[in-house]
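Student: Below is the file final_37.cif, which contains mmCIF, C-alpha atoms.
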data_entry
#
loop_
_atom_site.label_atom_id
_atom_site.label_comp_id
_atom_site.auth_asym_id
_atom_site.auth_seq_id
_atom_site.Cartn_x
_atom_site.Cartn_y
_atom_site.Cartn_z
CA MET S 1384 74.93 100.53 37.74
CA GLY S 1385 74.68 98.27 40.77
CA LYS S 1386 75.84 99.27 44.20
CA SER S 1387 78.79 97.31 45.61
CA LYS S 1388 78.75 96.14 49.20
CA ILE S 1389 81.76 96.09 51.46
CA ILE S 1390 81.71 93.55 54.28
CA LEU S 1391 83.94 94.30 57.25
CA GLN S 1392 84.80 91.70 59.85
CA TYR S 1393 85.21 92.99 63.36
CA ASN S 1394 85.53 91.59 66.85
CA LEU S 1395 83.11 93.02 69.39
CA GLN S 1396 85.60 92.14 72.13
CA PHE S 1397 87.78 94.94 70.78
CA PHE S 1398 85.30 97.43 72.20
CA ALA S 1399 85.25 95.83 75.64
CA LYS S 1400 87.06 97.75 78.33
CA ASP S 1401 90.20 96.26 79.87
CA GLY S 1402 90.50 93.41 77.42
CA PRO S 1403 88.84 89.98 77.48
CA GLY S 1404 86.10 89.62 80.01
CA GLY S 1405 84.82 93.20 79.78
CA GLU S 1406 85.10 95.98 82.31
CA LYS S 1407 86.72 95.39 85.67
CA THR S 1408 83.77 95.87 87.98
CA GLU S 1409 84.26 93.05 90.53
CA GLN S 1410 86.10 93.42 93.82
CA PRO S 1411 89.37 91.44 93.99
CA THR S 1412 89.19 88.01 95.53
CA ALA S 1413 91.29 87.00 98.52
CA LYS S 1414 93.41 84.79 96.26
CA LYS S 1415 94.22 87.63 93.88
CA LEU S 1416 95.24 89.87 96.79
CA ARG S 1417 97.46 87.09 98.19
CA ASP S 1418 99.08 86.55 94.79
CA ALA S 1419 99.65 90.28 94.38
CA ARG S 1420 101.23 90.43 97.83
CA ARG S 1421 103.59 87.58 96.93
CA GLU S 1422 104.57 89.49 93.78
CA GLY S 1423 105.33 92.57 95.87
CA GLN S 1424 102.29 94.53 94.63
CA VAL S 1425 100.97 96.49 97.60
CA ALA S 1426 99.33 99.83 98.29
CA LYS S 1427 102.35 101.84 99.35
CA SER S 1428 103.38 105.48 99.01
CA LYS S 1429 107.05 106.34 98.61
CA GLU S 1430 106.19 109.88 99.66
CA ILE S 1431 105.43 108.66 103.20
CA VAL S 1432 108.97 107.34 103.54
CA ASN S 1433 110.44 110.51 102.01
CA ALA S 1434 108.38 112.85 104.20
CA PHE S 1435 109.15 111.12 107.49
CA GLY S 1436 112.77 110.66 106.43
CA ILE S 1437 113.22 114.38 105.73
CA LEU S 1438 111.40 115.39 108.91
CA SER S 1439 113.41 113.02 111.11
CA LEU S 1440 116.67 114.16 109.43
CA PHE S 1441 116.11 117.85 110.12
CA LEU S 1442 114.80 117.25 113.64
CA LEU S 1443 117.89 115.15 114.36
CA LEU S 1444 120.15 117.81 112.91
CA LYS S 1445 118.59 120.48 115.14
CA VAL S 1446 119.59 118.38 118.13
CA TYR S 1447 122.74 116.71 116.83
CA VAL S 1448 124.29 119.32 114.55
CA GLY S 1449 126.40 120.84 117.35
CA THR S 1450 127.82 117.45 118.29
CA MET S 1451 128.45 116.66 114.62
CA GLY S 1452 130.31 119.92 114.14
CA THR S 1453 132.50 119.21 117.15
CA HIS S 1454 133.26 115.72 115.87
CA PHE S 1455 134.13 116.99 112.39
CA ILE S 1456 136.54 119.56 113.81
CA GLN S 1457 138.14 116.94 116.05
CA ASN S 1458 138.45 114.55 113.12
CA PHE S 1459 140.03 117.28 111.02
CA TYR S 1460 142.71 117.97 113.60
CA SER S 1461 143.26 114.26 114.27
CA VAL S 1462 143.77 113.41 110.61
CA TYR S 1463 146.12 116.30 109.95
CA THR S 1464 148.06 115.39 113.08
CA MET S 1465 148.51 111.87 111.76
CA ILE S 1466 150.06 112.98 108.47
CA PRO S 1467 153.35 114.43 109.87
CA GLU S 1468 153.68 111.49 112.25
CA ALA S 1469 153.17 108.98 109.43
CA VAL S 1470 155.64 110.81 107.12
CA THR S 1471 158.27 110.82 109.86
CA MET S 1472 157.81 107.08 110.40
CA TYR S 1473 158.51 106.42 106.70
CA ASN S 1474 161.64 108.65 106.40
CA GLY S 1475 159.91 111.72 105.08
CA ASN S 1476 158.02 109.98 102.25
CA LEU S 1477 154.22 109.83 101.97
CA SER S 1478 153.86 106.27 100.73
CA VAL S 1479 150.72 104.54 99.53
CA ILE S 1480 150.54 102.60 102.79
CA THR S 1481 150.74 105.85 104.76
CA LEU S 1482 148.01 107.46 102.68
CA TYR S 1483 145.79 104.36 103.02
CA THR S 1484 146.21 104.42 106.81
CA VAL S 1485 145.27 108.11 107.03
CA ILE S 1486 142.24 107.74 104.74
CA ARG S 1487 140.99 104.63 106.56
CA SER S 1488 141.21 106.42 109.91
CA MET S 1489 139.41 109.45 108.47
CA MET S 1490 136.61 107.34 106.96
CA LEU S 1491 136.15 105.38 110.18
CA ARG S 1492 135.83 108.54 112.25
CA LEU S 1493 133.43 110.01 109.70
CA LEU S 1494 131.30 106.87 109.74
CA ILE S 1495 131.10 106.92 113.55
CA THR S 1496 129.99 110.56 113.41
CA LEU S 1497 127.29 109.88 110.78
CA ALA S 1498 126.16 106.55 112.29
CA PRO S 1499 123.21 108.02 114.27
CA VAL S 1500 121.90 109.79 111.15
CA LEU S 1501 122.19 106.65 109.00
CA LEU S 1502 120.60 104.40 111.63
CA ILE S 1503 117.66 106.73 112.17
CA ALA S 1504 117.14 107.08 108.39
CA TYR S 1505 117.06 103.29 108.03
CA ALA S 1506 114.75 102.87 111.03
CA VAL S 1507 112.32 105.50 109.73
CA ALA S 1508 112.18 103.93 106.26
CA PHE S 1509 111.67 100.45 107.74
CA ILE S 1510 108.92 101.56 110.14
CA CYS S 1511 107.09 103.55 107.44
CA ASP S 1512 107.01 100.53 105.11
CA LEU S 1513 106.03 98.23 107.97
CA VAL S 1514 103.09 100.44 108.96
CA GLN S 1515 101.88 100.68 105.36
CA VAL S 1516 102.14 97.05 104.20
CA LYS S 1517 102.75 95.01 107.39
CA TRP S 1518 105.50 92.41 107.72
CA LYS S 1519 105.51 89.87 104.91
CA PRO S 1520 108.83 89.88 103.03
CA THR S 1521 109.06 88.44 99.52
CA LYS S 1522 111.92 87.94 97.06
CA LYS S 1523 109.74 88.12 93.94
CA PRO S 1524 110.36 91.85 93.20
CA LEU S 1525 114.13 91.16 93.22
CA LYS S 1526 113.92 88.57 90.45
CA PRO S 1527 114.82 89.91 86.98
CA LYS S 1528 111.87 90.21 84.60
CA PHE S 1529 113.02 90.37 80.98
CA LYS S 1530 109.61 91.53 79.79
CA LYS S 1531 110.37 94.87 81.45
CA LEU S 1532 113.13 95.36 78.87
CA ASN S 1533 110.54 95.56 76.10
CA PRO S 1534 110.98 99.09 74.62
CA ILE S 1535 107.40 99.21 73.31
CA LYS S 1536 105.94 98.53 76.75
CA GLY S 1537 108.37 101.02 78.23
CA PHE S 1538 107.21 103.69 75.78
CA LYS S 1539 103.57 102.91 76.61
CA LYS S 1540 104.34 103.43 80.30
CA ILE S 1541 105.80 106.84 79.55
CA LEU S 1542 102.54 107.88 77.87
CA SER S 1543 100.27 106.10 80.36
CA PRO S 1544 97.74 107.89 82.62
CA ASN S 1545 99.84 106.85 85.61
CA SER S 1546 102.82 108.80 84.22
CA LEU S 1547 100.59 111.84 83.77
CA VAL S 1548 99.44 111.56 87.39
CA GLU S 1549 103.06 111.31 88.58
CA LEU S 1550 103.92 114.41 86.53
CA VAL S 1551 101.04 116.33 88.10
CA LYS S 1552 102.11 115.16 91.57
CA ALA S 1553 105.69 116.30 90.95
CA ALA S 1554 104.48 119.71 89.75
CA VAL S 1555 102.23 120.09 92.81
CA LYS S 1556 105.04 119.11 95.17
CA LEU S 1557 107.44 121.53 93.50
CA GLY S 1558 104.91 124.34 93.59
CA VAL S 1559 103.91 123.83 97.25
CA ILE S 1560 107.50 123.43 98.47
CA GLY S 1561 108.57 126.45 96.39
CA TYR S 1562 105.83 128.53 98.03
CA VAL S 1563 106.91 127.40 101.52
CA VAL S 1564 110.54 128.31 100.78
CA TYR S 1565 109.58 131.70 99.34
CA SER S 1566 107.27 132.57 102.25
CA TYR S 1567 109.90 131.65 104.85
CA LEU S 1568 112.85 133.37 103.18
CA LYS S 1569 110.80 136.50 102.52
CA ASP S 1570 110.29 136.93 106.27
CA ARG S 1571 114.02 136.52 106.98
CA ILE S 1572 115.46 138.34 104.00
CA ASN S 1573 116.86 141.14 106.18
CA GLU S 1574 118.89 138.63 108.20
CA ILE S 1575 120.30 137.11 105.02
CA PHE S 1576 121.46 140.52 103.76
CA ILE S 1577 123.63 141.10 106.85
CA LEU S 1578 125.70 137.91 106.35
CA TYR S 1579 128.58 140.00 104.94
CA ASP S 1580 128.62 142.22 108.04
CA ILE S 1581 128.93 139.48 110.68
CA SER S 1582 131.69 137.06 111.61
CA LEU S 1583 132.15 133.70 109.93
CA ASN S 1584 130.95 131.70 112.96
CA GLN S 1585 127.86 133.89 113.28
CA ALA S 1586 127.13 133.54 109.57
CA ILE S 1587 127.48 129.76 109.73
CA GLY S 1588 125.19 129.64 112.76
CA LEU S 1589 122.59 131.85 111.05
CA ILE S 1590 122.65 129.83 107.84
CA GLY S 1591 122.37 126.59 109.81
CA GLU S 1592 119.37 127.93 111.72
CA ILE S 1593 117.64 129.06 108.52
CA VAL S 1594 118.32 125.76 106.74
CA LEU S 1595 117.09 123.65 109.67
CA ASP S 1596 113.93 125.71 110.24
CA LEU S 1597 113.19 125.68 106.53
CA GLY S 1598 113.80 121.92 106.35
CA VAL S 1599 111.31 121.24 109.17
CA ARG S 1600 108.68 123.41 107.46
CA ILE S 1601 109.21 121.68 104.11
CA ALA S 1602 109.02 118.26 105.76
CA SER S 1603 105.80 119.18 107.58
CA VAL S 1604 104.12 120.30 104.34
CA TYR S 1605 105.56 117.26 102.56
CA MET S 1606 103.87 115.01 105.12
CA VAL S 1607 100.46 116.39 104.13
CA ILE S 1608 101.28 115.67 100.49
CA ALA S 1609 102.49 112.19 101.46
CA PHE S 1610 99.27 111.44 103.35
CA LEU S 1611 97.17 112.42 100.33
CA ASP S 1612 99.41 110.35 98.08
CA TYR S 1613 98.98 107.35 100.38
CA LYS S 1614 95.21 107.66 100.12
CA TYR S 1615 95.55 107.89 96.33
CA GLN S 1616 97.83 104.83 96.17
CA LYS S 1617 95.34 102.78 98.20
CA TRP S 1618 92.51 103.82 95.89
CA LYS S 1619 94.61 103.14 92.78
CA PHE S 1620 95.69 99.72 94.08
CA LYS S 1621 92.06 98.82 94.75
CA GLN S 1622 91.09 99.88 91.22
CA ASP S 1623 94.02 97.99 89.66
CA MET S 1624 93.13 94.82 91.56
CA LYS S 1625 89.52 94.80 90.40
CA MET S 1626 88.55 91.86 88.22
CA THR S 1627 86.23 91.24 85.32
CA LYS S 1628 83.34 88.83 85.73
CA GLN S 1629 85.16 86.37 83.49
CA GLU S 1630 88.30 86.53 85.64
CA VAL S 1631 86.25 85.77 88.74
CA LYS S 1632 84.65 82.79 87.00
CA ASP S 1633 88.03 81.51 85.77
CA GLU S 1634 89.53 81.83 89.24
CA TYR S 1635 86.60 79.98 90.76
CA LYS S 1636 87.08 77.21 88.21
CA ASN S 1637 90.78 76.99 88.99
CA GLN S 1638 90.17 76.86 92.73
CA GLU S 1639 86.99 74.83 92.96
CA GLY S 1640 87.20 72.98 89.68
CA ASP S 1641 85.03 73.23 86.59
CA PRO S 1642 81.33 73.14 87.65
CA LYS S 1643 80.58 70.69 84.80
CA VAL S 1644 83.32 68.35 85.98
CA LYS S 1645 82.21 68.67 89.61
CA GLY S 1646 78.62 68.01 88.52
CA LYS S 1647 79.69 64.80 86.79
CA GLN S 1648 81.67 63.78 89.87
CA ARG S 1649 78.63 64.35 92.10
CA GLN S 1650 76.50 62.38 89.68
CA ARG S 1651 78.94 59.46 89.75
CA MET S 1652 78.99 59.60 93.55
CA ARG S 1653 75.18 59.54 93.67
CA GLU S 1654 75.12 56.58 91.28
CA ALA S 1655 77.68 54.69 93.38
CA SER S 1656 75.73 55.49 96.55
CA MET S 1657 72.50 54.29 94.95
CA ARG S 1658 74.16 51.04 93.84
CA ARG S 1659 75.36 50.39 97.39
CA MET S 1660 71.92 51.20 98.70
CA MET S 1661 70.21 48.81 96.28
CA GLN S 1662 72.74 46.08 97.16
CA GLN S 1663 71.86 46.41 100.87
CA LEU S 1664 68.13 46.63 100.24
CA PRO S 1665 67.49 42.82 100.32
CA GLU S 1666 68.59 42.86 103.98
CA ALA S 1667 65.62 45.11 104.96
CA ASP S 1668 62.86 43.87 107.26
CA VAL S 1669 60.17 46.13 105.83
CA VAL S 1670 59.58 48.86 103.22
CA ILE S 1671 57.26 51.64 104.41
CA THR S 1672 55.56 53.51 101.55
CA ASN S 1673 53.45 56.57 100.83
CA PRO S 1674 52.41 54.46 98.70
CA THR S 1675 53.34 56.14 95.38
CA HIS S 1676 55.76 58.95 96.22
CA TYR S 1677 58.00 57.68 99.04
CA ALA S 1678 59.55 54.38 100.04
CA VAL S 1679 61.80 53.81 103.08
CA ALA S 1680 63.47 50.47 103.83
CA VAL S 1681 64.03 49.76 107.55
CA LYS S 1682 66.01 47.02 109.27
CA TYR S 1683 66.32 46.07 112.93
CA ASP S 1684 69.43 44.17 114.04
CA PRO S 1685 69.66 44.01 117.86
CA ASP S 1686 73.19 42.61 117.63
CA LYS S 1687 74.33 45.70 115.71
CA TYR S 1688 72.23 48.62 116.99
CA ASP S 1689 69.79 49.30 119.82
CA ALA S 1690 67.23 50.78 117.42
CA PRO S 1691 66.03 50.16 113.85
CA TYR S 1692 67.84 52.04 111.09
CA VAL S 1693 67.20 53.11 107.49
CA ILE S 1694 69.14 51.23 104.81
CA ALA S 1695 67.43 52.72 101.72
CA LYS S 1696 65.00 55.45 100.76
CA GLY S 1697 63.73 57.19 97.64
CA GLU S 1698 60.91 59.09 96.02
CA ASN S 1699 58.94 58.71 92.81
CA TYR S 1700 60.98 56.59 90.34
CA LEU S 1701 63.50 55.46 92.98
CA ALA S 1702 60.64 54.62 95.36
CA GLN S 1703 59.19 52.35 92.69
CA ARG S 1704 62.59 50.70 92.21
CA ILE S 1705 62.81 50.04 95.95
CA LYS S 1706 59.36 48.46 95.95
CA ASP S 1707 60.25 46.30 92.93
CA VAL S 1708 63.39 45.00 94.63
CA ALA S 1709 61.40 44.41 97.82
CA LYS S 1710 58.89 42.30 95.92
CA GLU S 1711 61.70 40.31 94.26
CA ASN S 1712 63.21 39.56 97.67
CA LYS S 1713 59.84 38.94 99.37
CA ILE S 1714 60.20 41.91 101.73
CA GLU S 1715 56.95 43.15 103.25
CA ILE S 1716 55.69 46.47 101.91
CA VAL S 1717 53.56 48.38 104.42
CA GLU S 1718 51.62 51.50 103.49
CA ASN S 1719 51.83 54.25 106.14
CA LYS S 1720 51.74 57.70 104.57
CA PRO S 1721 52.61 59.88 107.61
CA LEU S 1722 55.39 57.58 108.79
CA ALA S 1723 56.89 57.25 105.28
CA ARG S 1724 57.01 61.03 104.87
CA MET S 1725 58.52 61.53 108.35
CA LEU S 1726 61.21 58.92 107.82
CA TYR S 1727 62.10 60.18 104.34
CA ALA S 1728 62.38 63.81 105.48
CA ASN S 1729 64.19 63.30 108.79
CA VAL S 1730 66.33 60.14 108.66
CA GLU S 1731 69.29 59.67 106.31
CA ILE S 1732 70.50 56.32 105.00
CA GLY S 1733 72.44 54.50 107.73
CA GLU S 1734 70.97 56.62 110.54
CA LEU S 1735 69.01 55.21 113.49
CA ILE S 1736 65.31 55.90 113.85
CA PRO S 1737 64.82 58.93 116.17
CA PRO S 1738 63.17 58.23 119.57
CA GLU S 1739 59.98 60.10 118.67
CA LEU S 1740 59.33 57.55 115.87
CA TYR S 1741 60.19 54.42 117.90
CA GLN S 1742 56.53 53.62 118.66
CA SER S 1743 55.31 53.94 115.04
CA VAL S 1744 58.20 51.90 113.58
CA ALA S 1745 57.93 49.29 116.33
CA GLU S 1746 54.26 48.75 115.47
CA VAL S 1747 55.12 48.24 111.79
CA LEU S 1748 57.94 45.82 112.62
CA ALA S 1749 55.68 43.90 115.05
CA PHE S 1750 53.08 43.58 112.29
CA VAL S 1751 55.70 42.28 109.84
CA TYR S 1752 57.19 39.85 112.32
CA HIS S 1753 53.70 38.54 113.07
CA LEU S 1754 53.05 37.94 109.37
CA LYS S 1755 56.32 36.03 109.04
CA GLY S 1756 55.71 34.09 112.21
CA LYS S 1757 58.72 35.55 114.01
CA VAL S 1758 56.65 36.60 117.00
#
Before anything else, please render the file you have as structure tokens.

Tutor:
Amino acid sequence: MGKSKIILQYNLQFFAKDGPGGEKTEQPTAKKLRDARREGQVAKSKEIVNAFGILSLFLLLKVYVGTMGTHFIQNFYSVYTMIPEAVTMYNGNLSVITLYTVIRSMMLRLLITLAPVLLIAYAVAFICDLVQVKWKPTKKPLKPKFKKLNPIKGFKKILSPNSLVELVKAAVKLGVIGYVVYSYLKDRINEIFILYDISLNQAIGLIGEIVLDLGVRIASVYMVIAFLDYKYQKWKFKQDMKMTKQEVKDEYKNQEGDPKVKGKQRQRMREASMRRMMQQLPEADVVITNPTHYAVAVKYDPDKYDAPYVIAKGENYLAQRIKDVAKENKIEIVENKPLARMLYANVEIGELIPPELYQSVAEVLAFVYHLKGKV
């Protein structure tokens, strides 16, 4: 009984890491970083903003809490004083207009009292973001992206390694902050137990002191966590921005153009340049040769330039072409190996002969002019 064979088709690309192009091993290009910045993708830690926000809040409260308390008490008396006056004005009835006036006054006073806290919170958040990512606002993150509504992708994000890292971070934060709270309250447990034996004002003052001191300690520890998270976010952003070799090649093609296309363009430019050169060649006074490898056509026009200049040059096959055209146009061909090599290596087409070669070229031109009876 013969053995049956099963042929399976598979795609080796399936085994490549991070999709087409293989593993992301290349550093991100400047263009990719600029594009990511425009999309709002930056290395930023939210924990930095939270830590400094909490610390600034509790430090402000330690200084400002007395003033806030005074303002709240004054607002309380002011609002309750307004109610009888407003009822009297409307014949003993608390109308909707009266209630609106009282509430608006209360909210305005409350807003004035909380204004320093709100302004400092905004300033801290703004400065923290500015220090982390510099100033370059973009509207791209505000635009709706319907692909984010895809439930499958959303489920994948829940089970992604990034979600696991966030879970671990949350557990670490909770554990560290819990330990700080426990350690602090353990040392002041005796003061907490006497709250029932002291006056209300003393109890409020004691609770306020404990809460503020505890808040500063939590914020200080939170700042350490935030600093570590910032380092992690920078590392993660750098890893996420890495590119595969294929992505780098594709980006280079998009920016610089396809190398094959650019090669064809350069070839066409060389061909056009050679055609122009061969068209000007009949104007030459002399062609200086190696004699087989190099050929340089030189012309002297005192009305145009103060020195002779090169109008064509070439080596090997092109050198032979130059000599053939020179023969067709009865241009003198002079063999001078050192001079031909020097001119070919140091003078481009259209350039004047350098001063150090004046003597050698002048001798060749004098010889040619003598042959043609121009001297």

Student: Name the closest residue to Glu1711 (chain S) among the candidates S:Ala1655, S:Leu1664, S:Val1514, S:Ala1695; distances are taken between atoms, counting only C-alpha atoms.

Tutor: S:Leu1664

Student: Taking all atoms of region 1490-1499 of chain S that appear in the file, build a box with edges along x, y and z, extend it by 5 Å on every side, and state its centre and edge lengths in Å to one decimal, as JSON.

Tutor:
{"center_x": 129.9, "center_y": 108.0, "center_z": 110.6, "size_x": 23.4, "size_y": 15.2, "size_z": 17.3}

Student: Can you list, as a list in words, the residues that the PyMOL selection byres ((chain S and resi 1610) around 12) selects here?

Tutor: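 Selected by the PyMOL selection byres ((chain S and resi 1610) around 12) here: Lys1427, Ser1428, Lys1429, Glu1430, Ile1431, Val1432, Asn1433, Ala1434, Phe1435, Cys1511, Gln1515, Ser1603, Val1604, Tyr1605, Met1606, Val1607, Ile1608, Ala1609, Leu1611, Asp1612, Tyr1613, Lys1614, Tyr1615, Gln1616 and Lys1617 of chain S.
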
Student: Using the chain letters and numbers from this file, what does the PyMOL selection byres ((chain S and resi 1627) around 7) select? Give the answer as a list in words.

Tutor: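 Applied to this file, the PyMOL selection byres ((chain S and resi 1627) around 7) returns Gly1404, Gly1405, Glu1406, Lys1407, Thr1408, Glu1409, Met1626, Lys1628, Gln1629, Glu1630 and Val1631 of chain S.
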
Student: Could the residues in this selection be written to a file with C-alpha atoms, as an mmCIF file, in the coordinates of the input?

Tutor:
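Writing done, so here's result15.cif:
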data_model
loop_
_atom_site.group_PDB
_atom_site.id
_atom_site.type_symbol
_atom_site.label_atom_id
_atom_site.label_comp_id
_atom_site.auth_asym_id
_atom_site.auth_seq_id
_atom_site.Cartn_x
_atom_site.Cartn_y
_atom_site.Cartn_z
ATOM 1 C CA GLY S 1404 86.100 89.620 80.010
ATOM 2 C CA GLY S 1405 84.820 93.200 79.780
ATOM 3 C CA GLU S 1406 85.100 95.980 82.310
ATOM 4 C CA LYS S 1407 86.720 95.390 85.670
ATOM 5 C CA THR S 1408 83.770 95.870 87.980
ATOM 6 C CA GLU S 1409 84.260 93.050 90.530
ATOM 7 C CA MET S 1626 88.550 91.860 88.220
ATOM 8 C CA LYS S 1628 83.340 88.830 85.730
ATOM 9 C CA GLN S 1629 85.160 86.370 83.490
ATOM 10 C CA GLU S 1630 88.300 86.530 85.640
ATOM 11 C CA VAL S 1631 86.250 85.770 88.740
#

Student: Go ahead and compute the interatomic distance for CA of Thr1496 (chain S) and CA of Leu1440 (chain S), in Å to one decimal.

Tutor: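 We find that CA of Thr1496 (chain S) and CA of Leu1440 (chain S) lie 14.4 Å from each other.
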
Student: Just to confirm, what's the straight-line distance from CA of Ala1728 (chain S) to CA of Asn1699 (chain S) in Å (one decimal)?

Tutor: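 One can read the CA of Ala1728 (chain S) to CA of Asn1699 (chain S) distance as 14.1 Å.
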
Student: Could you tell me which of S:Pro1674, S:Pro1411, S:Pro1691, S:Pro1544 comes closest to Ile1716 (chain S) if we count all atoms listed in the file?

Tutor: S:Pro1674

Student: So what do you get for CA of Ala1678 (chain S) versus CA of Ala1709 (chain S), distance-wise?

Tutor: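 For CA of Ala1678 (chain S) relative to CA of Ala1709 (chain S), the distance reads 10.4 Å.
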
Student: Extract, using all atoms listed in the file, all DNA, RNA and protein residues at most 10 Å from Gln1662 (chain S), discarding same-chain residues fewer than 4 positions from it, and format them as a list of chain:residue names.

Tutor: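 My reading of the contact set: S:Ser1656, S:Met1657, S:Arg1658, S:Glu1666, S:Ile1694, S:Ala1695, S:Val1708.
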
Student: In terms of the shortest atom-to-atom distance over all atoms listed in the file, which of S:Ile1486, S:Ala1506, S:Met1624, S:Leu1578 is closest to Asp1418 (chain S)?

Tutor: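 Answer, going by the shortest atom-to-atom distance: S:Met1624.
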
Student: Using all atoms listed in the file, which of S:Ala1419, S:Met1661, S:Leu1442, S:Ala1749 sits nearest Arg1600 (chain S)?

Tutor: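 Using all atoms listed in the file, Arg1600 (chain S) sits closest to S:Leu1442.
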
Student: Skipping near chain neighbours, those fewer than 5 positions away, what residues fall within 12 Å of Tyr1688 (chain S) using all atoms listed in the file, listed as number ranges by chain?

Tutor: S: 1682-1683, 1693, 1733-1736

Student: Give me the residues near Ser1743 (chain S) as a PyMOL selection string, where near means some atom within 12 Å (using all atoms listed in the file) and where sequence neighbours in that chain fewer than 2 positions away do not count.

Tutor: chain S and resi 1671+1691+1719-1723+1725-1726+1736-1741+1745-1750
